[in-house]
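S.K.: So I've got this file, coords06.cif, and it contains mmCIF, C-alpha atoms:
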```cif
data_entry
#
loop_
_atom_site.group_PDB
_atom_site.id
_atom_site.type_symbol
_atom_site.label_atom_id
_atom_site.label_comp_id
_atom_site.auth_asym_id
_atom_site.auth_seq_id
_atom_site.Cartn_x
_atom_site.Cartn_y
_atom_site.Cartn_z
ATOM 1 C CA MET F 1296 -30.662 -11.056 -14.493
ATOM 2 C CA ARG F 1297 -29.039 -7.786 -15.480
ATOM 3 C CA ASN F 1298 -29.533 -6.382 -18.950
ATOM 4 C CA GLN F 1299 -26.611 -7.323 -21.153
ATOM 5 C CA PRO F 1300 -25.164 -4.977 -23.782
ATOM 6 C CA ASP F 1301 -25.277 -6.001 -27.414
ATOM 7 C CA PRO F 1302 -22.037 -7.962 -28.127
ATOM 8 C CA ALA F 1303 -21.629 -5.932 -31.332
ATOM 9 C CA ALA F 1304 -21.450 -2.738 -29.235
ATOM 10 C CA VAL F 1305 -17.917 -3.494 -28.070
ATOM 11 C CA GLY F 1306 -17.304 -0.124 -26.390
ATOM 12 C CA THR F 1307 -20.513 -0.454 -24.381
ATOM 13 C CA LEU F 1308 -19.645 -4.036 -23.495
ATOM 14 C CA LEU F 1309 -16.131 -3.066 -22.344
ATOM 15 C CA ARG F 1310 -17.529 -0.270 -20.149
ATOM 16 C CA HIS F 1311 -20.147 -2.671 -18.762
ATOM 17 C CA VAL F 1312 -17.528 -5.287 -17.835
ATOM 18 C CA LEU F 1313 -15.318 -2.612 -16.272
ATOM 19 C CA GLU F 1314 -18.275 -1.291 -14.260
ATOM 20 C CA LEU F 1315 -19.084 -4.817 -13.047
ATOM 21 C CA LEU F 1316 -15.522 -5.585 -12.003
ATOM 22 C CA ASP F 1317 -14.600 -2.173 -10.570
ATOM 23 C CA GLY F 1318 -17.985 -1.773 -8.910
ATOM 24 C CA ASP F 1319 -17.612 -5.033 -7.026
ATOM 25 C CA VAL F 1320 -14.006 -4.293 -6.027
ATOM 26 C CA ALA F 1321 -15.067 -0.836 -4.806
ATOM 27 C CA ALA F 1322 -17.835 -2.493 -2.769
ATOM 28 C CA VAL F 1323 -15.251 -4.769 -1.141
ATOM 29 C CA TYR F 1324 -13.131 -1.739 -0.227
ATOM 30 C CA ALA F 1325 -16.215 -0.050 1.266
ATOM 31 C CA GLU F 1326 -17.031 -3.204 3.262
ATOM 32 C CA GLN F 1327 -13.474 -3.094 4.616
ATOM 33 C CA GLY F 1328 -13.970 0.473 5.848
ATOM 34 C CA MET F 1329 -12.148 2.104 2.935
ATOM 35 C CA ALA F 1330 -15.100 3.800 1.228
ATOM 36 C CA GLU F 1331 -12.898 6.559 -0.245
ATOM 37 C CA TYR F 1332 -10.500 4.080 -1.881
ATOM 38 C CA ARG F 1333 -11.176 3.334 -5.564
ATOM 39 C CA PRO F 1334 -9.827 0.480 -7.700
ATOM 40 C CA ARG F 1335 -8.290 3.046 -10.079
ATOM 41 C CA PHE F 1336 -6.041 4.184 -7.204
ATOM 42 C CA SER F 1337 -4.243 0.834 -6.962
ATOM 43 C CA PRO F 1338 -1.831 1.241 -9.900
ATOM 44 C CA VAL F 1339 -0.820 4.669 -8.551
ATOM 45 C CA VAL F 1340 -0.332 3.315 -5.032
ATOM 46 C CA ARG F 1341 1.757 0.436 -6.398
ATOM 47 C CA ALA F 1342 3.953 2.843 -8.378
ATOM 48 C CA LEU F 1343 4.436 5.150 -5.393
ATOM 49 C CA VAL F 1344 5.249 2.243 -3.073
ATOM 50 C CA ALA F 1345 7.816 0.947 -5.562
ATOM 51 C CA GLU F 1346 9.341 4.266 -6.654
ATOM 52 C CA GLY F 1347 8.563 6.817 -3.964
ATOM 53 C CA PRO F 1348 7.192 10.255 -4.864
ATOM 54 C CA LEU F 1349 6.782 10.807 -8.610
ATOM 55 C CA SER F 1350 5.695 13.597 -10.902
ATOM 56 C CA VAL F 1351 2.299 13.155 -12.537
ATOM 57 C CA ARG F 1352 4.084 12.539 -15.848
ATOM 58 C CA ASP F 1353 6.152 9.776 -14.233
ATOM 59 C CA VAL F 1354 3.033 8.288 -12.615
ATOM 60 C CA ALA F 1355 1.331 8.247 -16.021
ATOM 61 C CA GLU F 1356 4.318 6.510 -17.589
ATOM 62 C CA ALA F 1357 4.634 4.008 -14.739
ATOM 63 C CA ILE F 1358 0.993 2.907 -14.921
ATOM 64 C CA GLY F 1359 0.445 3.233 -18.673
ATOM 65 C CA VAL F 1360 -2.184 5.969 -18.815
ATOM 66 C CA THR F 1361 -2.348 9.484 -20.220
ATOM 67 C CA HIS F 1362 -1.012 12.460 -18.265
ATOM 68 C CA SER F 1363 -4.597 13.720 -17.965
ATOM 69 C CA ALA F 1364 -5.848 10.422 -16.507
ATOM 70 C CA ALA F 1365 -2.966 10.280 -14.018
ATOM 71 C CA SER F 1366 -3.584 13.897 -13.022
ATOM 72 C CA GLN F 1367 -7.303 13.269 -12.472
ATOM 73 C CA THR F 1368 -6.613 10.150 -10.408
ATOM 74 C CA ALA F 1369 -3.980 11.944 -8.313
ATOM 75 C CA ALA F 1370 -6.452 14.779 -7.679
ATOM 76 C CA GLN F 1371 -9.119 12.287 -6.551
ATOM 77 C CA MET F 1372 -6.573 10.594 -4.313
ATOM 78 C CA ALA F 1373 -5.576 13.947 -2.808
ATOM 79 C CA ARG F 1374 -9.240 14.722 -2.034
ATOM 80 C CA ALA F 1375 -9.456 11.308 -0.333
ATOM 81 C CA GLY F 1376 -6.377 12.153 1.760
ATOM 82 C CA LEU F 1377 -4.219 9.440 0.190
ATOM 83 C CA VAL F 1378 -1.582 11.540 -1.607
ATOM 84 C CA THR F 1379 0.050 14.927 -1.321
ATOM 85 C CA HIS F 1380 1.426 17.183 -4.022
ATOM 86 C CA THR F 1381 4.722 18.782 -3.015
ATOM 87 C CA PRO F 1382 7.295 20.852 -4.922
ATOM 88 C CA ASP F 1383 10.055 18.833 -6.553
ATOM 89 C CA PRO F 1384 13.333 19.860 -4.856
ATOM 90 C CA LEU F 1385 15.166 19.382 -8.183
ATOM 91 C CA ASP F 1386 12.709 21.317 -10.386
ATOM 92 C CA ALA F 1387 10.414 23.935 -8.856
ATOM 93 C CA ARG F 1388 8.109 23.747 -11.902
ATOM 94 C CA ARG F 1389 7.170 20.154 -11.072
ATOM 95 C CA ARG F 1390 5.120 18.806 -8.228
ATOM 96 C CA LEU F 1391 5.603 15.342 -6.801
ATOM 97 C CA VAL F 1392 2.800 12.983 -5.848
ATOM 98 C CA GLY F 1393 3.548 11.059 -2.666
ATOM 99 C CA LEU F 1394 1.619 8.778 -0.321
ATOM 100 C CA THR F 1395 0.279 10.281 2.899
ATOM 101 C CA ALA F 1396 0.700 8.676 6.312
ATOM 102 C CA GLU F 1397 -2.988 7.724 6.061
ATOM 103 C CA ALA F 1398 -2.356 5.825 2.818
ATOM 104 C CA ARG F 1399 0.691 4.089 4.300
ATOM 105 C CA ALA F 1400 -1.384 3.025 7.305
ATOM 106 C CA LEU F 1401 -3.948 1.473 4.925
ATOM 107 C CA LEU F 1402 -1.316 -0.428 2.914
ATOM 108 C CA PRO F 1403 -1.672 -3.771 4.748
ATOM 109 C CA ARG F 1404 -5.440 -3.751 4.141
ATOM 110 C CA ILE F 1405 -5.052 -2.541 0.555
ATOM 111 C CA GLU F 1406 -2.416 -5.185 -0.208
ATOM 112 C CA ALA F 1407 -4.623 -7.917 1.302
ATOM 113 C CA GLU F 1408 -7.437 -6.825 -1.016
ATOM 114 C CA TRP F 1409 -5.042 -6.795 -3.992
ATOM 115 C CA GLU F 1410 -4.183 -10.428 -3.234
ATOM 116 C CA ALA F 1411 -7.853 -11.378 -2.879
ATOM 117 C CA THR F 1412 -8.707 -9.552 -6.105
ATOM 118 C CA ALA F 1413 -5.896 -11.329 -7.966
ATOM 119 C CA ALA F 1414 -7.151 -14.693 -6.689
ATOM 120 C CA ALA F 1415 -10.716 -13.833 -7.750
ATOM 121 C CA MET F 1416 -9.438 -12.776 -11.184
ATOM 122 C CA ALA F 1417 -7.582 -16.087 -11.543
ATOM 123 C CA GLU F 1418 -10.830 -17.895 -10.741
ATOM 124 C CA LEU F 1419 -12.713 -15.823 -13.340
ATOM 125 C CA ASP F 1420 -9.940 -16.369 -15.908
ATOM 126 C CA ALA F 1421 -10.319 -20.141 -15.429
ATOM 127 C CA GLU F 1422 -13.905 -19.817 -16.690
ATOM 128 C CA LEU F 1423 -12.891 -17.905 -19.822
ATOM 129 C CA SER F 1424 -11.459 -19.162 -23.110
ATOM 130 C CA MET F 1425 -8.342 -17.103 -22.387
ATOM 131 C CA PRO F 1426 -7.281 -14.862 -19.485
ATOM 132 C CA LEU F 1427 -8.995 -11.472 -19.739
ATOM 133 C CA GLY F 1428 -5.782 -9.530 -19.089
ATOM 134 C CA GLU F 1429 -4.003 -11.346 -21.913
ATOM 135 C CA LEU F 1430 -6.879 -10.691 -24.312
ATOM 136 C CA LEU F 1431 -7.015 -6.992 -23.439
ATOM 137 C CA ALA F 1432 -3.226 -6.695 -23.809
ATOM 138 C CA GLU F 1433 -3.497 -8.382 -27.214
ATOM 139 C CA VAL F 1434 -6.236 -5.927 -28.249
ATOM 140 C CA ALA F 1435 -4.144 -2.954 -27.069
ATOM 141 C CA GLN F 1436 -1.142 -4.201 -29.079
ATOM 142 C CA ALA F 1437 -3.230 -4.749 -32.215
ATOM 143 C CA VAL F 1438 -4.769 -1.277 -31.973
ATOM 144 C CA GLY F 1439 -1.300 0.120 -31.307
ATOM 145 C CA ARG F 1440 -0.088 -1.441 -34.542
ATOM 146 C CA ARG F 1441 -3.069 -0.133 -36.509
ATOM 147 C CA PRO F 1442 -5.373 2.381 -34.821
ATOM 148 C CA PHE F 1443 -9.049 1.551 -34.803
ATOM 149 C CA ARG F 1444 -9.938 4.754 -36.680
ATOM 150 C CA GLU F 1445 -7.802 3.484 -39.602
ATOM 151 C CA ARG F 1446 -9.688 0.195 -39.510
ATOM 152 C CA VAL F 1447 -13.030 2.025 -39.530
ATOM 153 C CA ALA F 1448 -11.912 4.249 -42.432
ATOM 154 C CA ALA F 1449 -10.765 1.198 -44.407
ATOM 155 C CA ALA F 1450 -14.072 -0.536 -43.759
ATOM 156 C CA ARG F 1451 -15.969 2.546 -45.000
ATOM 157 C CA ARG F 1452 -13.926 2.601 -48.215
ATOM 158 C CA THR F 1453 -14.610 -1.065 -48.956
ATOM 159 C CA ALA F 1454 -18.304 -0.927 -48.052
#
```
Output the structure of this file as structure tokens.
M.R.:
Amino acid sequence: MRNQPDPAAVGTLLRHVLELLDGDVAAVYAEQGMAEYRPRFSPVVRALVAEGPLSVRDVAEAIGVTHSAASQTAAQMARAGLVTHTPDPLDARRRLVGLTAEARALLPRIEAEWEATAAAMAELDAELSMPLGELLAEVAQAVGRRPFRERVAAARRTA
């Protein structure tokens, strides 16, 4: 059995769970002949399929991550040949991220894996006391209402 992080080390535990889930999904992509495709690419691909080419800022907003995270993911995707960066015809200062022909050709396989991953997640959720996505959304909302650093500072003052 794998070593398990201390449940009190929540950050370590979250990273461990993410590594387990993303690692296995990445292995499935590799088994399907898509070794360059990463699970973190899926939200970007979904946004670009739905909206067409977007600026990095718009990608970040669409998928709910920071500009920096979206920029890093888009750069990784460009290295993998999945997106291009082209000048925005409406604003020369901006560059648009768009899917390549290679990415579009992979879409049927990627979408099939999305469906399989969603089904696997539903099976995992059935084993949990509440669906993982709902719990993580609840945590994000609670920390949005009161940042964790404020909670830590308050705990230090009362200790």
S.K.: Using Å and a single decimal, report how far atom CA of F:Gln1367 sits from atom CA of F:Met1416.
M.R.: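 Answer for the atom CA of F:Met1416 to atom CA of F:Gln1367 separation: 26.2 Å.
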S.K.: At a cut-off of 10 Å, using all atoms listed in the file, what residues contact F:Ala1375? Leave out same-chain residues fewer than 2 positions from it and give the result as a PyMOL selection string.
M.R.: chain F and resi 1330-1333+1369-1373+1377-1378+1397-1398
S.K.: By how many Å are atom CA of F:Leu1349 and atom CA of F:Val1392 apart?
M.R.: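 Straight-line distance from atom CA of F:Leu1349 to atom CA of F:Val1392 works out to 5.3 Å.
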S.K.: Tell me which of F:Ala1303, F:Ala1322, F:Met1425, F:Ala1432 sits closest to F:Gly1359, counting all atoms listed in the file.
M.R.: F:Ala1432
S.K.: Just checking: using all atoms listed in the file, which residue out of F:Arg1452, F:Gly1347, F:Arg1374, F:Leu1427 ends up closest to F:Leu1309?
M.R.: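 Of F:Arg1452, F:Gly1347, F:Arg1374, F:Leu1427, the one nearest F:Leu1309, counting all atoms listed in the file, is F:Leu1427.
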S.K.: For the PyMOL selection byres ((chain F and resi 1324) around 12), applied here, can you spell out every residue it catches as a CSV table (one decimal) with C-alpha atoms, keeping the file's coordinate frame?
M.R.:
```csv
chain,number,residue,atom,x,y,z
F,1317,ASP,CA,-14.6,-2.2,-10.6
F,1318,GLY,CA,-18.0,-1.8,-8.9
F,1319,ASP,CA,-17.6,-5.0,-7.0
F,1320,VAL,CA,-14.0,-4.3,-6.0
F,1321,ALA,CA,-15.1,-0.8,-4.8
F,1322,ALA,CA,-17.8,-2.5,-2.8
F,1323,VAL,CA,-15.3,-4.8,-1.1
F,1325,ALA,CA,-16.2,0.0,1.3
F,1326,GLU,CA,-17.0,-3.2,3.3
F,1327,GLN,CA,-13.5,-3.1,4.6
F,1328,GLY,CA,-14.0,0.5,5.8
F,1329,MET,CA,-12.1,2.1,2.9
F,1330,ALA,CA,-15.1,3.8,1.2
F,1331,GLU,CA,-12.9,6.6,-0.2
F,1332,TYR,CA,-10.5,4.1,-1.9
F,1333,ARG,CA,-11.2,3.3,-5.6
F,1334,PRO,CA,-9.8,0.5,-7.7
F,1335,ARG,CA,-8.3,3.0,-10.1
F,1336,PHE,CA,-6.0,4.2,-7.2
F,1337,SER,CA,-4.2,0.8,-7.0
F,1401,LEU,CA,-3.9,1.5,4.9
F,1404,ARG,CA,-5.4,-3.8,4.1
F,1405,ILE,CA,-5.1,-2.5,0.6
F,1406,GLU,CA,-2.4,-5.2,-0.2
F,1407,ALA,CA,-4.6,-7.9,1.3
F,1408,GLU,CA,-7.4,-6.8,-1.0
F,1409,TRP,CA,-5.0,-6.8,-4.0
F,1411,ALA,CA,-7.9,-11.4,-2.9
F,1412,THR,CA,-8.7,-9.6,-6.1
```
S.K.: Which residues are close to F:Val1339, i.e. within 7 Å by all atoms listed in the file, leaving aside same-chain residues fewer than 4 positions away? Reply as a compact mmCIF listing (two decimals) with C-alpha atoms, keeping the file's coordinate frame.
M.R.:
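Resulting contents of part22.txt:
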```txt
# COMPACT_ATOMS: atom_id res chain seq x y z
CA LEU F 1343 4.44 5.15 -5.39
CA VAL F 1354 3.03 8.29 -12.62
CA ILE F 1358 0.99 2.91 -14.92
```
S.K.: To one decimal place, how far is atom CA of F:Arg1352 from atom CA of F:His1380 in Å?
M.R.: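 Answer for the atom CA of F:Arg1352 to atom CA of F:His1380 separation: 13.0 Å.
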